[in-house]
file my_file_0.pdb (PDB, C-alpha atoms (C1' of nucleotides))
ATOM      1  CA  MET A 217     -13.180  -6.620  72.053
ATOM      2  CA  THR A 218     -10.713  -8.207  74.419
ATOM      3  CA  HIS A 219      -6.962  -7.816  74.527
ATOM      4  CA  PHE A 220      -6.396 -10.581  72.014
ATOM      5  CA  GLY A 221      -3.793  -8.660  70.097
ATOM      6  CA  GLU A 222      -2.026  -7.489  73.202
ATOM      7  CA  TYR A 223      -1.797 -11.055  74.455
ATOM      8  CA  VAL A 224      -0.444 -12.356  71.156
ATOM      9  CA  ARG A 225       2.141  -9.627  70.978
ATOM     10  CA  THR A 226       3.331 -10.403  74.500
ATOM     11  CA  CYS A 227       3.661 -14.102  73.730
ATOM     12  CA  ARG A 228       5.479 -13.458  70.496
ATOM     13  CA  GLU A 229       7.948 -10.983  71.973
ATOM     14  CA  ARG A 230       8.725 -13.324  74.819
ATOM     15  CA  LEU A 231       9.562 -16.064  72.325
ATOM     16  CA  ARG A 232      11.464 -13.605  70.262
ATOM     17  CA  ALA A 233      13.818 -12.768  73.099
ATOM     18  CA  ALA A 234      15.167 -16.289  72.745
ATOM     19  CA  ASP A 235      14.709 -16.727  69.016
ATOM     20  CA  PRO A 236      14.776 -14.039  66.311
ATOM     21  CA  ARG A 237      12.582 -16.154  64.099
ATOM     22  CA  PHE A 238       9.600 -14.771  66.026
ATOM     23  CA  SER A 239       9.378 -11.429  64.268
ATOM     24  CA  VAL A 240       6.027 -10.206  62.985
ATOM     25  CA  ARG A 241       7.107 -10.913  59.439
ATOM     26  CA  GLN A 242       8.373 -14.407  59.991
ATOM     27  CA  VAL A 243       5.516 -15.543  62.173
ATOM     28  CA  ALA A 244       3.080 -14.062  59.662
ATOM     29  CA  ALA A 245       4.771 -16.007  56.893
ATOM     30  CA  ARG A 246       4.530 -19.253  58.853
ATOM     31  CA  ILE A 247       0.825 -18.843  59.538
ATOM     32  CA  ASP A 248       0.149 -17.676  55.964
ATOM     33  CA  VAL A 249      -0.948 -14.099  56.428
ATOM     34  CA  GLU A 250       0.526 -10.783  55.411
ATOM     35  CA  PRO A 251       2.856  -9.134  57.932
ATOM     36  CA  ALA A 252       0.825  -5.926  57.876
ATOM     37  CA  TYR A 253      -2.243  -7.912  58.826
ATOM     38  CA  LEU A 254      -0.620  -9.638  61.801
ATOM     39  CA  SER A 255       0.713  -6.286  62.897
ATOM     40  CA  LYS A 256      -2.764  -4.785  62.843
ATOM     41  CA  VAL A 257      -4.158  -7.785  64.662
ATOM     42  CA  GLU A 258      -1.584  -7.467  67.431
ATOM     43  CA  ARG A 259      -2.345  -3.786  67.855
ATOM     44  CA  GLY A 260      -6.087  -4.413  67.860
ATOM     45  CA  GLU A 261      -6.556  -2.285  64.782
ATOM     46  CA  VAL A 262      -8.627  -5.027  63.209
ATOM     47  CA  ALA A 263     -10.718  -7.843  64.635
ATOM     48  CA  PRO A 264      -9.051 -11.113  65.607
ATOM     49  CA  PRO A 265      -8.425 -13.539  62.730
ATOM     50  CA  SER A 266     -10.546 -16.474  61.617
ATOM     51  CA  GLU A 267     -10.647 -19.700  63.573
ATOM     52  CA  ALA A 268      -8.199 -21.406  61.200
ATOM     53  CA  THR A 269      -5.665 -18.597  61.421
ATOM     54  CA  THR A 270      -6.060 -18.304  65.183
ATOM     55  CA  VAL A 271      -5.382 -22.010  65.596
ATOM     56  CA  LYS A 272      -2.242 -21.782  63.472
ATOM     57  CA  LEU A 273      -1.136 -18.829  65.545
ATOM     58  CA  ALA A 274      -1.712 -20.739  68.774
ATOM     59  CA  ALA A 275       0.395 -23.626  67.490
ATOM     60  CA  GLU A 276       3.133 -21.224  66.463
ATOM     61  CA  LEU A 277       3.163 -19.565  69.872
ATOM     62  CA  GLY A 278       2.791 -22.758  71.861
ATOM     63  CA  GLU A 279      -0.493 -21.569  73.333
ATOM     64  CA  ASP A 280      -3.700 -23.471  73.952
ATOM     65  CA  PRO A 281      -5.933 -23.103  70.892
ATOM     66  CA  ASP A 282      -9.199 -23.106  72.838
ATOM     67  CA  MET A 283      -7.893 -20.380  75.103
ATOM     68  CA  LEU A 284      -6.690 -18.240  72.217
ATOM     69  CA  LEU A 285      -9.951 -18.786  70.346
ATOM     70  CA  ALA A 286     -11.805 -17.634  73.447
ATOM     71  CA  LEU A 287      -9.706 -14.470  73.525
ATOM     72  CA  ALA A 288     -10.664 -14.035  69.881
ATOM     73  CA  GLY A 289     -14.313 -14.267  70.923
ATOM     74  CA  LYS A 290     -14.858 -17.663  69.338
ATOM     75  CA  VAL A 291     -15.619 -21.228  70.304
ATOM     76  CA  SER A 292     -13.863 -24.015  68.420
ATOM     77  CA  SER A 293     -16.088 -25.383  65.675
ATOM     78  CA  ASP A 294     -15.466 -28.975  66.705
ATOM     79  CA  LEU A 295     -16.976 -28.206  70.106
ATOM     80  CA  GLN A 296     -19.935 -26.600  68.383
ATOM     81  CA  GLU A 297     -20.399 -29.723  66.295
ATOM     82  CA  ILE A 298     -20.521 -31.872  69.410
ATOM     83  CA  ILE A 299     -23.115 -29.603  70.991
ATOM     84  CA  LYS A 300     -25.226 -29.419  67.853
ATOM     85  CA  LYS A 301     -25.592 -33.169  67.778
ATOM     86  CA  ARG A 302     -27.329 -33.183  71.183
ATOM     87  CA  PRO A 303     -28.358 -29.574  71.774
ATOM     88  CA  ARG A 304     -30.744 -29.989  74.664
ATOM     89  CA  LEU A 305     -28.461 -32.266  76.608
ATOM     90  CA  PHE A 306     -25.376 -30.098  76.288
ATOM     91  CA  ALA A 307     -27.278 -26.845  76.647
ATOM     92  CA  ASP A 308     -28.664 -28.032  79.971
ATOM     93  CA  LEU A 309     -25.306 -29.257  81.174
ATOM     94  CA  ILE A 310     -23.409 -26.125  80.255
ATOM     95  CA  ARG A 311     -25.990 -23.774  81.732
ATOM     96  CA  ALA A 312     -26.081 -25.850  84.899
ATOM     97  CA  LEU A 313     -22.309 -25.485  85.164
ATOM     98  CA  LYS A 314     -22.304 -21.770  84.522
ATOM     99  CA  ALA A 315     -21.928 -20.863  88.176
ATOM    100  CA  ALA A 316     -20.079 -23.994  89.278
ATOM    101  CA  PRO A 317     -16.569 -23.530  90.642
ATOM    102  CA  ASP A 318     -13.634 -24.716  88.537
ATOM    103  CA  LYS A 319     -13.020 -27.563  90.941
ATOM    104  CA  ALA A 320     -16.466 -29.007  90.343
ATOM    105  CA  VAL A 321     -16.126 -28.884  86.574
ATOM    106  CA  LEU A 322     -12.679 -30.395  86.780
ATOM    107  CA  ARG A 323     -14.027 -33.197  88.908
ATOM    108  CA  LEU A 324     -16.648 -33.950  86.285
ATOM    109  CA  VAL A 325     -14.008 -34.051  83.565
ATOM    110  CA  ARG A 326     -12.014 -36.610  85.561
ATOM    111  CA  GLU A 327     -15.121 -38.553  86.383
ATOM    112  CA  VAL A 328     -15.956 -38.845  82.697
ATOM    113  CA  ARG A 329     -12.367 -39.609  81.704
ATOM    114  CA  ASP A 330     -12.328 -42.499  84.149
ATOM    115  CA  GLY A 331     -15.116 -43.976  82.055
ATOM    116  CA  ASN A 332     -17.626 -43.504  84.810
ATOM    117  CA  TRP A 333     -20.636 -44.625  82.784
TER
ATOM    118  CA  MET B 106     -27.565 -27.468  55.152
ATOM    119  CA  THR B 107     -29.894 -29.643  57.167
ATOM    120  CA  HIS B 108     -33.626 -29.885  56.838
ATOM    121  CA  PHE B 109     -34.204 -26.818  58.971
ATOM    122  CA  GLY B 110     -36.801 -25.378  56.651
ATOM    123  CA  GLU B 111     -38.575 -28.668  56.206
ATOM    124  CA  TYR B 112     -38.820 -29.064  59.954
ATOM    125  CA  VAL B 113     -40.153 -25.556  60.463
ATOM    126  CA  ARG B 114     -42.738 -25.997  57.763
ATOM    127  CA  THR B 115     -43.945 -29.230  59.294
ATOM    128  CA  CYS B 116     -44.288 -27.656  62.719
ATOM    129  CA  ARG B 117     -46.073 -24.647  61.353
ATOM    130  CA  GLU B 118     -48.536 -26.642  59.271
ATOM    131  CA  ARG B 119     -49.325 -28.873  62.188
ATOM    132  CA  LEU B 120     -50.173 -25.834  64.290
ATOM    133  CA  ARG B 121     -52.056 -24.369  61.408
ATOM    134  CA  ALA B 122     -54.409 -27.315  61.211
ATOM    135  CA  ALA B 123     -55.782 -26.173  64.557
ATOM    136  CA  ASP B 124     -55.308 -22.446  64.153
ATOM    137  CA  PRO B 125     -55.348 -20.433  60.903
ATOM    138  CA  ARG B 126     -53.157 -17.792  62.486
ATOM    139  CA  PHE B 127     -50.179 -19.980  61.589
ATOM    140  CA  SER B 128     -49.939 -19.030  57.944
ATOM    141  CA  VAL B 129     -46.572 -18.065  56.487
ATOM    142  CA  ARG B 130     -47.653 -14.441  56.365
ATOM    143  CA  GLN B 131     -48.936 -14.198  59.895
ATOM    144  CA  VAL B 132     -46.084 -16.072  61.508
ATOM    145  CA  ALA B 133     -43.628 -13.976  59.514
ATOM    146  CA  ALA B 134     -45.329 -10.827  60.778
ATOM    147  CA  ARG B 135     -45.106 -12.004  64.385
ATOM    148  CA  ILE B 136     -41.398 -12.775  64.166
ATOM    149  CA  ASP B 137     -40.691  -9.561  62.248
ATOM    150  CA  VAL B 138     -39.588 -10.816  58.865
ATOM    151  CA  GLU B 139     -41.053 -10.560  55.391
ATOM    152  CA  PRO B 140     -43.367 -13.404  54.330
ATOM    153  CA  ALA B 141     -41.316 -14.049  51.202
ATOM    154  CA  TYR B 142     -38.254 -14.552  53.358
ATOM    155  CA  LEU B 143     -39.903 -17.043  55.707
ATOM    156  CA  SER B 144     -41.248 -18.870  52.680
ATOM    157  CA  LYS B 145     -37.765 -19.163  51.228
ATOM    158  CA  VAL B 146     -36.393 -20.275  54.563
ATOM    159  CA  GLU B 147     -38.972 -23.033  54.869
ATOM    160  CA  ARG B 148     -38.203 -24.276  51.377
ATOM    161  CA  GLY B 149     -34.481 -24.173  52.012
ATOM    162  CA  GLU B 150     -33.982 -21.655  49.244
ATOM    163  CA  VAL B 151     -31.918 -19.507  51.571
ATOM    164  CA  ALA B 152     -29.834 -20.296  54.642
ATOM    165  CA  PRO B 153     -31.522 -20.481  58.060
ATOM    166  CA  PRO B 154     -32.126 -17.115  59.755
ATOM    167  CA  SER B 155     -30.017 -15.391  62.369
ATOM    168  CA  GLU B 156     -29.945 -16.552  65.960
ATOM    169  CA  ALA B 157     -32.386 -13.860  67.075
ATOM    170  CA  THR B 158     -34.911 -14.698  64.378
ATOM    171  CA  THR B 159     -34.538 -18.431  64.947
ATOM    172  CA  VAL B 160     -35.235 -17.985  68.651
ATOM    173  CA  LYS B 161     -38.367 -15.952  67.924
ATOM    174  CA  LEU B 162     -39.468 -18.635  65.515
ATOM    175  CA  ALA B 163     -38.915 -21.356  68.104
ATOM    176  CA  ALA B 164     -41.025 -19.444  70.616
ATOM    177  CA  GLU B 165     -43.749 -18.974  68.034
ATOM    178  CA  LEU B 166     -43.783 -22.669  67.179
ATOM    179  CA  GLY B 167     -43.443 -23.881  70.738
ATOM    180  CA  GLU B 168     -40.154 -25.594  69.929
ATOM    181  CA  ASP B 169     -36.974 -25.770  71.942
ATOM    182  CA  PRO B 170     -34.718 -22.885  70.906
ATOM    183  CA  ASP B 171     -31.461 -24.801  71.374
ATOM    184  CA  MET B 172     -32.766 -27.610  69.230
ATOM    185  CA  LEU B 173     -33.946 -25.285  66.467
ATOM    186  CA  LEU B 174     -30.680 -23.354  66.595
ATOM    187  CA  ALA B 175     -28.832 -26.649  66.191
ATOM    188  CA  LEU B 176     -30.919 -27.425  63.118
ATOM    189  CA  ALA B 177     -29.942 -23.992  61.873
ATOM    190  CA  GLY B 178     -26.301 -24.971  62.363
ATOM    191  CA  LYS B 179     -25.755 -22.661  65.309
ATOM    192  CA  VAL B 180     -25.024 -22.781  69.009
ATOM    193  CA  SER B 181     -26.772 -20.319  71.280
ATOM    194  CA  SER B 182     -24.542 -17.339  72.003
ATOM    195  CA  ASP B 183     -25.201 -17.514  75.732
ATOM    196  CA  LEU B 184     -23.705 -21.019  75.767
ATOM    197  CA  GLN B 185     -20.732 -19.728  73.838
ATOM    198  CA  GLU B 186     -20.259 -16.992  76.401
ATOM    199  CA  ILE B 187     -20.174 -19.526  79.207
ATOM    200  CA  ILE B 188     -17.591 -21.609  77.381
ATOM    201  CA  LYS B 189     -15.458 -18.604  76.501
ATOM    202  CA  LYS B 190     -15.098 -17.687  80.152
ATOM    203  CA  ARG B 191     -13.400 -21.013  80.933
ATOM    204  CA  PRO B 192     -12.353 -22.404  77.567
ATOM    205  CA  ARG B 193      -9.979 -25.138  78.638
ATOM    206  CA  LEU B 194     -12.296 -26.499  81.285
ATOM    207  CA  PHE B 195     -15.374 -26.663  79.069
ATOM    208  CA  ALA B 196     -13.448 -27.774  76.004
ATOM    209  CA  ASP B 197     -12.098 -30.740  77.923
ATOM    210  CA  LEU B 198     -15.474 -31.606  79.374
ATOM    211  CA  ILE B 199     -17.338 -31.419  76.085
ATOM    212  CA  ARG B 200     -14.753 -33.401  74.150
ATOM    213  CA  ALA B 201     -14.698 -36.007  76.897
ATOM    214  CA  LEU B 202     -18.469 -36.321  76.575
ATOM    215  CA  LYS B 203     -18.460 -36.536  72.808
ATOM    216  CA  ALA B 204     -18.871 -40.293  72.753
ATOM    217  CA  ALA B 205     -20.739 -40.660  76.035
ATOM    218  CA  PRO B 206     -24.264 -42.092  75.865
ATOM    219  CA  ASP B 207     -27.187 -39.749  76.502
ATOM    220  CA  LYS B 208     -27.837 -41.435  79.832
ATOM    221  CA  ALA B 209     -24.399 -40.556  81.125
ATOM    222  CA  VAL B 210     -24.705 -36.907  80.143
ATOM    223  CA  LEU B 211     -28.164 -36.745  81.638
ATOM    224  CA  ARG B 212     -26.848 -38.177  84.872
ATOM    225  CA  LEU B 213     -24.220 -35.473  85.019
ATOM    226  CA  VAL B 214     -26.834 -32.793  84.489
ATOM    227  CA  ARG B 215     -28.854 -34.119  87.416
ATOM    228  CA  GLU B 216     -25.763 -34.508  89.519
ATOM    229  CA  VAL B 217     -24.901 -30.861  88.982
ATOM    230  CA  ARG B 218     -28.489 -29.714  89.473
ATOM    231  CA  ASP B 219     -28.560 -31.431  92.813
ATOM    232  CA  GLY B 220     -25.808 -29.071  93.810
ATOM    233  CA  ASN B 221     -23.271 -31.839  94.011
ATOM    234  CA  TRP B 222     -20.335 -29.570  94.790
TER
ATOM    235  C1'  DC C 151     -67.494 -11.575  40.500
ATOM    236  C1'  DG C 152     -64.826  -8.728  43.137
ATOM    237  C1'  DT C 153     -61.808  -8.758  46.934
ATOM    238  C1'  DC C 154     -58.962 -10.619  50.159
ATOM    239  C1'  DA C 155     -55.457 -13.445  51.965
ATOM    240  C1'  DT C 156     -52.186 -16.891  50.644
ATOM    241  C1'  DG C 157     -47.614 -18.526  48.988
ATOM    242  C1'  DT C 158     -43.828 -17.388  46.155
ATOM    243  C1'  DG C 159     -40.479 -15.428  42.297
ATOM    244  C1'  DT C 160     -37.195 -11.662  41.302
ATOM    245  C1'  DC C 161     -34.084  -8.189  42.411
ATOM    246  C1'  DG C 162     -31.586  -5.467  45.326
ATOM    247  C1'  DT C 163     -28.873  -4.165  49.580
ATOM    248  C1'  DA C 164     -26.520  -3.181  54.067
ATOM    249  C1'  DT C 165     -23.197  -4.964  57.128
ATOM    250  C1'  DA C 166     -19.708  -8.035  58.614
ATOM    251  C1'  DT C 167     -15.777 -11.013  57.888
ATOM    252  C1'  DA C 168     -11.192 -11.827  56.660
ATOM    253  C1'  DG C 169      -8.121 -10.674  54.722
ATOM    254  C1'  DT C 170      -4.395  -8.775  50.314
ATOM    255  C1'  DA C 171      -1.226  -5.467  47.986
ATOM    256  C1'  DC C 172       1.902  -1.992  48.104
ATOM    257  C1'  DA C 173       4.586   1.381  49.883
ATOM    258  C1'  DC C 174       7.354   3.609  53.209
ATOM    259  C1'  DA C 175      10.371   5.083  57.237
ATOM    260  C1'  DG C 176      13.732   3.486  60.654
ATOM    261  C1'  DG C 177      17.622   0.957  62.418
ATOM    262  C1'  DC C 178      21.645  -2.295  62.111
ATOM    263  C1'  DG C 179      25.424  -4.710  60.161
ATOM    264  C1'  DG C 180      29.192  -5.008  57.020
TER
ATOM    265  C1'  DC D 223      26.699   4.330  52.889
ATOM    266  C1'  DC D 224      24.214   0.648  51.101
ATOM    267  C1'  DG D 225      21.321  -3.172  51.378
ATOM    268  C1'  DC D 226      18.300  -5.683  54.258
ATOM    269  C1'  DC D 227      15.060  -6.732  57.600
ATOM    270  C1'  DT D 228      11.882  -4.634  60.693
ATOM    271  C1'  DG D 229       7.163  -2.814  61.770
ATOM    272  C1'  DT D 230       3.393  -0.282  60.008
ATOM    273  C1'  DG D 231       0.103   3.136  57.288
ATOM    274  C1'  DT D 232      -3.202   3.330  53.378
ATOM    275  C1'  DA D 233      -6.264   1.562  50.155
ATOM    276  C1'  DC D 234      -8.729  -1.960  48.301
ATOM    277  C1'  DT D 235     -11.397  -6.392  47.787
ATOM    278  C1'  DA D 236     -13.926 -10.904  47.809
ATOM    279  C1'  DT D 237     -17.265 -13.574  50.063
ATOM    280  C1'  DA D 238     -20.788 -14.425  53.331
ATOM    281  C1'  DT D 239     -24.738 -13.087  56.123
ATOM    282  C1'  DA D 240     -29.303 -11.697  56.664
ATOM    283  C1'  DC D 241     -32.463  -9.966  55.172
ATOM    284  C1'  DG D 242     -36.301  -6.056  52.546
ATOM    285  C1'  DA D 243     -39.357  -4.456  48.705
ATOM    286  C1'  DC D 244     -42.392  -5.398  45.289
ATOM    287  C1'  DA D 245     -44.991  -7.906  42.207
ATOM    288  C1'  DC D 246     -47.725 -11.672  40.826
ATOM    289  C1'  DA D 247     -50.701 -15.892  40.268
ATOM    290  C1'  DT D 248     -53.968 -18.672  42.761
ATOM    291  C1'  DG D 249     -57.823 -20.033  45.336
ATOM    292  C1'  DA D 250     -61.552 -19.393  48.686
ATOM    293  C1'  DC D 251     -65.373 -16.748  50.266
ATOM    294  C1'  DG D 252     -69.159 -13.776  50.672
TER
END

call {"tool": "encode", "arguments": {"input": "my_file_0.pdb", "output": "structure tokens"}}
result
Amino acid sequence: MTHFGEYVRTCRERLRAADPRFSVRQVAARIDVEPAYLSKVERGEVAPPSEATTVKLAAELGEDPDMLLALAGKVSSDLQEIIKKRPRLFADLIRALKAAPDKAVLRLVREVRDGNW
Amino acid sequence: MTHFGEYVRTCRERLRAADPRFSVRQVAARIDVEPAYLSKVERGEVAPPSEATTVKLAAELGEDPDMLLALAGKVSSDLQEIIKKRPRLFADLIRALKAAPDKAVLRLVREVRDGNW
DNA sequence: CGTCATGTGTCGTATATAGTACACAGGCGG
DNA sequence: CCGCCTGTGTACTATATACGACACATGACG
């Protein structure tokens, strides 16, 4: 769908330049998948991995898990759980923010963080 | 998982008391599934239907689609799309709001609706 | 009393998801 | 030149998802 694999490969090769432990085989071993599978994932020959595997991969590459999950076409299940507990509330909020500029959303995040309630 | 089926059955029977067109068979026909399947869904014998079918069902029963999807253990794909476009931003916001009282979330919704940006 | 609609039990299936297992060619280091 | 690590091609599989098709017993109704 997206360039998930391409992105992962770029990240991995960049890390590899400084550390040979970031080969396909060794990374695959650390995130508990077969090397051939990771290879296919990086070349987009198969769909992006499951949420669990994607999160492990993000940790391995030092990338943001939510961002990598998004590239994989997924939304973290813990976020989904939060939404499912108050569907109407969160549905309204998210749809209302669909067209809002980043700055506005960011401001809301800060506002909430500062315990503004 | 939850009492999705139970809830649907209750809604349907309530409507049926006023209108005989809300039998399992007729509702099933209107949302394009087999009666036997809807029956099993309502009794929790099988998992809740797909997003598309759940949304049709919500419309048929006059229920909120996001709420019914939540009962089905799902989050509307259009919400997921919004989140996936700005994963870090929305992830932060949603997690920050996890423990916030309904009132606070509601206030944010209004704030945004009033074009506060 | 026949028929018509109702709910439901049984069995089967198509598609997607998320990988594994194995083998093989190429390059590099000693 | 040999062993080792590298990436990758091919083939297969297990589990979940989301239903359909058909048959059958039951009860109301005209």

call {"tool": "closest_atom_pairs", "arguments": {"input": "my_file_0.pdb", "of": "chain C", "to": "region 245-251 of chain D", "cutoff": "10 Å", "atoms": "all atoms listed in the file", "output": "CSV"}}
result
residue,atom,partner,partner_atom,distance
C:DT153,C1',D:DC251,C1',9.4
C:DC154,C1',D:DC251,C1',8.9
C:DA155,C1',D:DA250,C1',9.1
C:DT156,C1',D:DT248,C1',8.3
C:DG157,C1',D:DT248,C1',8.9
C:DT158,C1',D:DC246,C1',8.7
C:DG159,C1',D:DC246,C1',8.3
C:DT160,C1',D:DA245,C1',8.7

call {"tool": "atom_distance", "arguments": {"input": "my_file_0.pdb", "atom1": "CA of Ala268 (chain A)", "atom2": "C1' of DA171 (chain C)"}}
result
21.8 Å

call {"tool": "closest_atom_pairs", "arguments": {"input": "my_file_0.pdb", "of": "chain D", "to": "chain B", "cutoff": "10 Å", "atoms": "all atoms listed in the file", "output": "CSV"}}
result
residue,atom,partner,partner_atom,distance
D:DT239,C1',B:Ser155,CA,8.5
D:DA240,C1',B:Ser155,CA,6.8
D:DC241,C1',B:Tyr142,CA,7.6
D:DG242,C1',B:Glu139,CA,7.1
D:DA243,C1',B:Glu139,CA,9.2

call {"tool": "resolve_selection", "arguments": {"input": "my_file_0.pdb", "expression": "the PyMOL selection byres ((chain D and resi 228) around 10)", "output": "NGL selection string"}}
result
(:A and (239-241)) or (:C and (176-177)) or (:D and (226-227 or 229-230))

call {"tool": "resolve_selection", "arguments": {"input": "my_file_0.pdb", "expression": "the PyMOL selection byres ((chain A and resi 278-284) around 9)", "output": "ChimeraX atom specification"}}
result
/A:220,223-224,227,270-277,285-292 /B:189,191-193,196

call {"tool": "calpha_fit_and_write", "arguments": {"input": "my_file_0.pdb", "fixed": "chain A", "moving": "chain B", "output": "compact mmCIF listing (two decimals) with C-alpha atoms, in the frame of the given file"}}
result
# COMPACT_ATOMS: atom_id res chain seq x y z
CA MET B 106 -13.02 -6.68 71.74
CA THR B 107 -10.71 -8.16 74.33
CA HIS B 108 -6.98 -7.81 74.51
CA PHE B 109 -6.40 -10.58 72.01
CA GLY B 110 -3.78 -8.66 70.10
CA GLU B 111 -2.02 -7.50 73.22
CA TYR B 112 -1.80 -11.06 74.45
CA VAL B 113 -0.46 -12.36 71.16
CA ARG B 114 2.14 -9.64 70.99
CA THR B 115 3.32 -10.41 74.49
CA CYS B 116 3.65 -14.10 73.74
CA ARG B 117 5.46 -13.46 70.51
CA GLU B 118 7.93 -11.00 72.00
CA ARG B 119 8.69 -13.34 74.83
CA LEU B 120 9.53 -16.08 72.35
CA ARG B 121 11.44 -13.61 70.29
CA ALA B 122 13.78 -12.77 73.13
CA ALA B 123 15.14 -16.29 72.78
CA ASP B 124 14.68 -16.74 69.05
CA PRO B 125 14.76 -14.03 66.36
CA ARG B 126 12.57 -16.16 64.13
CA PHE B 127 9.58 -14.77 66.04
CA SER B 128 9.37 -11.43 64.29
CA VAL B 129 6.02 -10.21 63.00
CA ARG B 130 7.12 -10.92 59.45
CA GLN B 131 8.38 -14.42 60.02
CA VAL B 132 5.51 -15.55 62.19
CA ALA B 133 3.08 -14.07 59.68
CA ALA B 134 4.78 -16.02 56.91
CA ARG B 135 4.53 -19.27 58.87
CA ILE B 136 0.82 -18.86 59.55
CA ASP B 137 0.14 -17.71 55.98
CA VAL B 138 -0.94 -14.13 56.43
CA GLU B 139 0.55 -10.81 55.41
CA PRO B 140 2.85 -9.15 57.95
CA ALA B 141 0.82 -5.94 57.86
CA TYR B 142 -2.26 -7.91 58.82
CA LEU B 143 -0.64 -9.65 61.79
CA SER B 144 0.72 -6.29 62.89
CA LYS B 145 -2.75 -4.79 62.83
CA VAL B 146 -4.15 -7.78 64.66
CA GLU B 147 -1.59 -7.47 67.43
CA ARG B 148 -2.34 -3.78 67.84
CA GLY B 149 -6.06 -4.40 67.86
CA GLU B 150 -6.53 -2.27 64.78
CA VAL B 151 -8.60 -5.01 63.20
CA ALA B 152 -10.71 -7.81 64.66
CA PRO B 153 -9.05 -11.11 65.62
CA PRO B 154 -8.44 -13.53 62.73
CA SER B 155 -10.56 -16.45 61.63
CA GLU B 156 -10.66 -19.69 63.57
CA ALA B 157 -8.22 -21.40 61.21
CA THR B 158 -5.68 -18.59 61.43
CA THR B 159 -6.07 -18.30 65.20
CA VAL B 160 -5.40 -22.01 65.60
CA LYS B 161 -2.25 -21.78 63.48
CA LEU B 162 -1.15 -18.84 65.55
CA ALA B 163 -1.73 -20.74 68.79
CA ALA B 164 0.37 -23.63 67.51
CA GLU B 165 3.11 -21.24 66.48
CA LEU B 166 3.14 -19.57 69.89
CA GLY B 167 2.77 -22.76 71.87
CA GLU B 168 -0.52 -21.57 73.34
CA ASP B 169 -3.72 -23.47 73.94
CA PRO B 170 -5.95 -23.10 70.88
CA ASP B 171 -9.22 -23.10 72.84
CA MET B 172 -7.92 -20.39 75.10
CA LEU B 173 -6.71 -18.23 72.21
CA LEU B 174 -9.96 -18.77 70.34
CA ALA B 175 -11.82 -17.62 73.45
CA LEU B 176 -9.72 -14.46 73.52
CA ALA B 177 -10.67 -14.02 69.89
CA GLY B 178 -14.32 -14.26 70.93
CA LYS B 179 -14.88 -17.65 69.35
CA VAL B 180 -15.63 -21.22 70.30
CA SER B 181 -13.89 -24.00 68.42
CA SER B 182 -16.11 -25.36 65.67
CA ASP B 183 -15.48 -28.96 66.69
CA LEU B 184 -16.99 -28.19 70.10
CA GLN B 185 -19.95 -26.59 68.39
CA GLU B 186 -20.42 -29.70 66.30
CA ILE B 187 -20.54 -31.86 69.40
CA ILE B 188 -23.12 -29.60 71.00
CA LYS B 189 -25.23 -29.41 67.86
CA LYS B 190 -25.61 -33.17 67.79
CA ARG B 191 -27.33 -33.17 71.20
CA PRO B 192 -28.36 -29.57 71.79
CA ARG B 193 -30.76 -29.98 74.68
CA LEU B 194 -28.47 -32.26 76.62
CA PHE B 195 -25.37 -30.08 76.29
CA ALA B 196 -27.28 -26.84 76.67
CA ASP B 197 -28.66 -28.03 79.99
CA LEU B 198 -25.30 -29.26 81.18
CA ILE B 199 -23.41 -26.11 80.26
CA ARG B 200 -25.99 -23.77 81.74
CA ALA B 201 -26.08 -25.85 84.90
CA LEU B 202 -22.30 -25.49 85.16
CA LYS B 203 -22.29 -21.77 84.51
CA ALA B 204 -21.89 -20.87 88.16
CA ALA B 205 -20.05 -23.99 89.27
CA PRO B 206 -16.53 -23.53 90.65
CA ASP B 207 -13.60 -24.69 88.53
CA LYS B 208 -12.98 -27.56 90.93
CA ALA B 209 -16.43 -29.00 90.35
CA VAL B 210 -16.10 -28.87 86.57
CA LEU B 211 -12.65 -30.38 86.77
CA ARG B 212 -13.99 -33.20 88.89
CA LEU B 213 -16.61 -33.94 86.27
CA VAL B 214 -13.98 -34.04 83.56
CA ARG B 215 -11.99 -36.61 85.52
CA GLU B 216 -15.09 -38.55 86.36
CA VAL B 217 -15.93 -38.85 82.68
CA ARG B 218 -12.35 -39.60 81.70
CA ASP B 219 -12.31 -42.47 84.13
CA GLY B 220 -15.05 -43.96 82.04
CA ASN B 221 -17.60 -43.51 84.76
CA TRP B 222 -20.54 -44.77 82.71

call {"tool": "atom_distance", "arguments": {"input": "my_file_0.pdb", "atom1": "CA of Leu324 (chain A)", "atom2": "CA of Ala312 (chain A)"}}
result
12.5 Å

call {"tool": "atom_distance", "arguments": {"input": "my_file_0.pdb", "atom1": "C1' of DT170 (chain C)", "atom2": "C1' of DC234 (chain D)"}}
result
8.3 Å

call {"tool": "resolve_selection", "arguments": {"input": "my_file_0.pdb", "expression": "the PyMOL selection byres ((chain C) within 9 of (chain A))", "output": "number ranges by chain"}}
result
C: 167-170

call {"tool": "write_last_selection", "arguments": {"input": "my_file_0.pdb", "atoms": "C-alpha atoms (C1' of nucleotides)", "output": "PDB file, in the frame of the given file"}}
result
ATOM      1  C1'  DT C 167     -15.777 -11.013  57.888  1.00  0.00           C
ATOM      2  C1'  DA C 168     -11.192 -11.827  56.660  1.00  0.00           C
ATOM      3  C1'  DG C 169      -8.121 -10.674  54.722  1.00  0.00           C
ATOM      4  C1'  DT C 170      -4.395  -8.775  50.314  1.00  0.00           C
TER       5       DT C 170
END

call {"tool": "closest_residue", "arguments": {"input": "my_file_0.pdb", "among": "A:Leu254, A:Leu231, A:Ala245, A:Ile299", "to": "chain B", "atoms": "all atoms listed in the file"}}
result
A:Ile299

call {"tool": "residues_around", "arguments": {"input": "my_file_0.pdb", "residues": "Leu305 (chain A)", "least_positions_apart": "3", "cutoff": "9 Å", "atoms": "only C-alpha atoms (C1' of nucleotides)", "output": "short mmCIF file (atom, residue, chain, number, x, y, z; two decimals) with C-alpha atoms, in the frame of the given file"}}
result
data_model
loop_
_atom_site.label_atom_id
_atom_site.label_comp_id
_atom_site.auth_asym_id
_atom_site.auth_seq_id
_atom_site.Cartn_x
_atom_site.Cartn_y
_atom_site.Cartn_z
CA ILE A 299 -23.12 -29.60 70.99
CA ARG A 302 -27.33 -33.18 71.18
CA ASP A 308 -28.66 -28.03 79.97
CA LEU A 309 -25.31 -29.26 81.17
CA ILE A 310 -23.41 -26.12 80.26
CA ASP B 207 -27.19 -39.75 76.50
CA VAL B 210 -24.70 -36.91 80.14
CA LEU B 211 -28.16 -36.74 81.64
CA VAL B 214 -26.83 -32.79 84.49
#
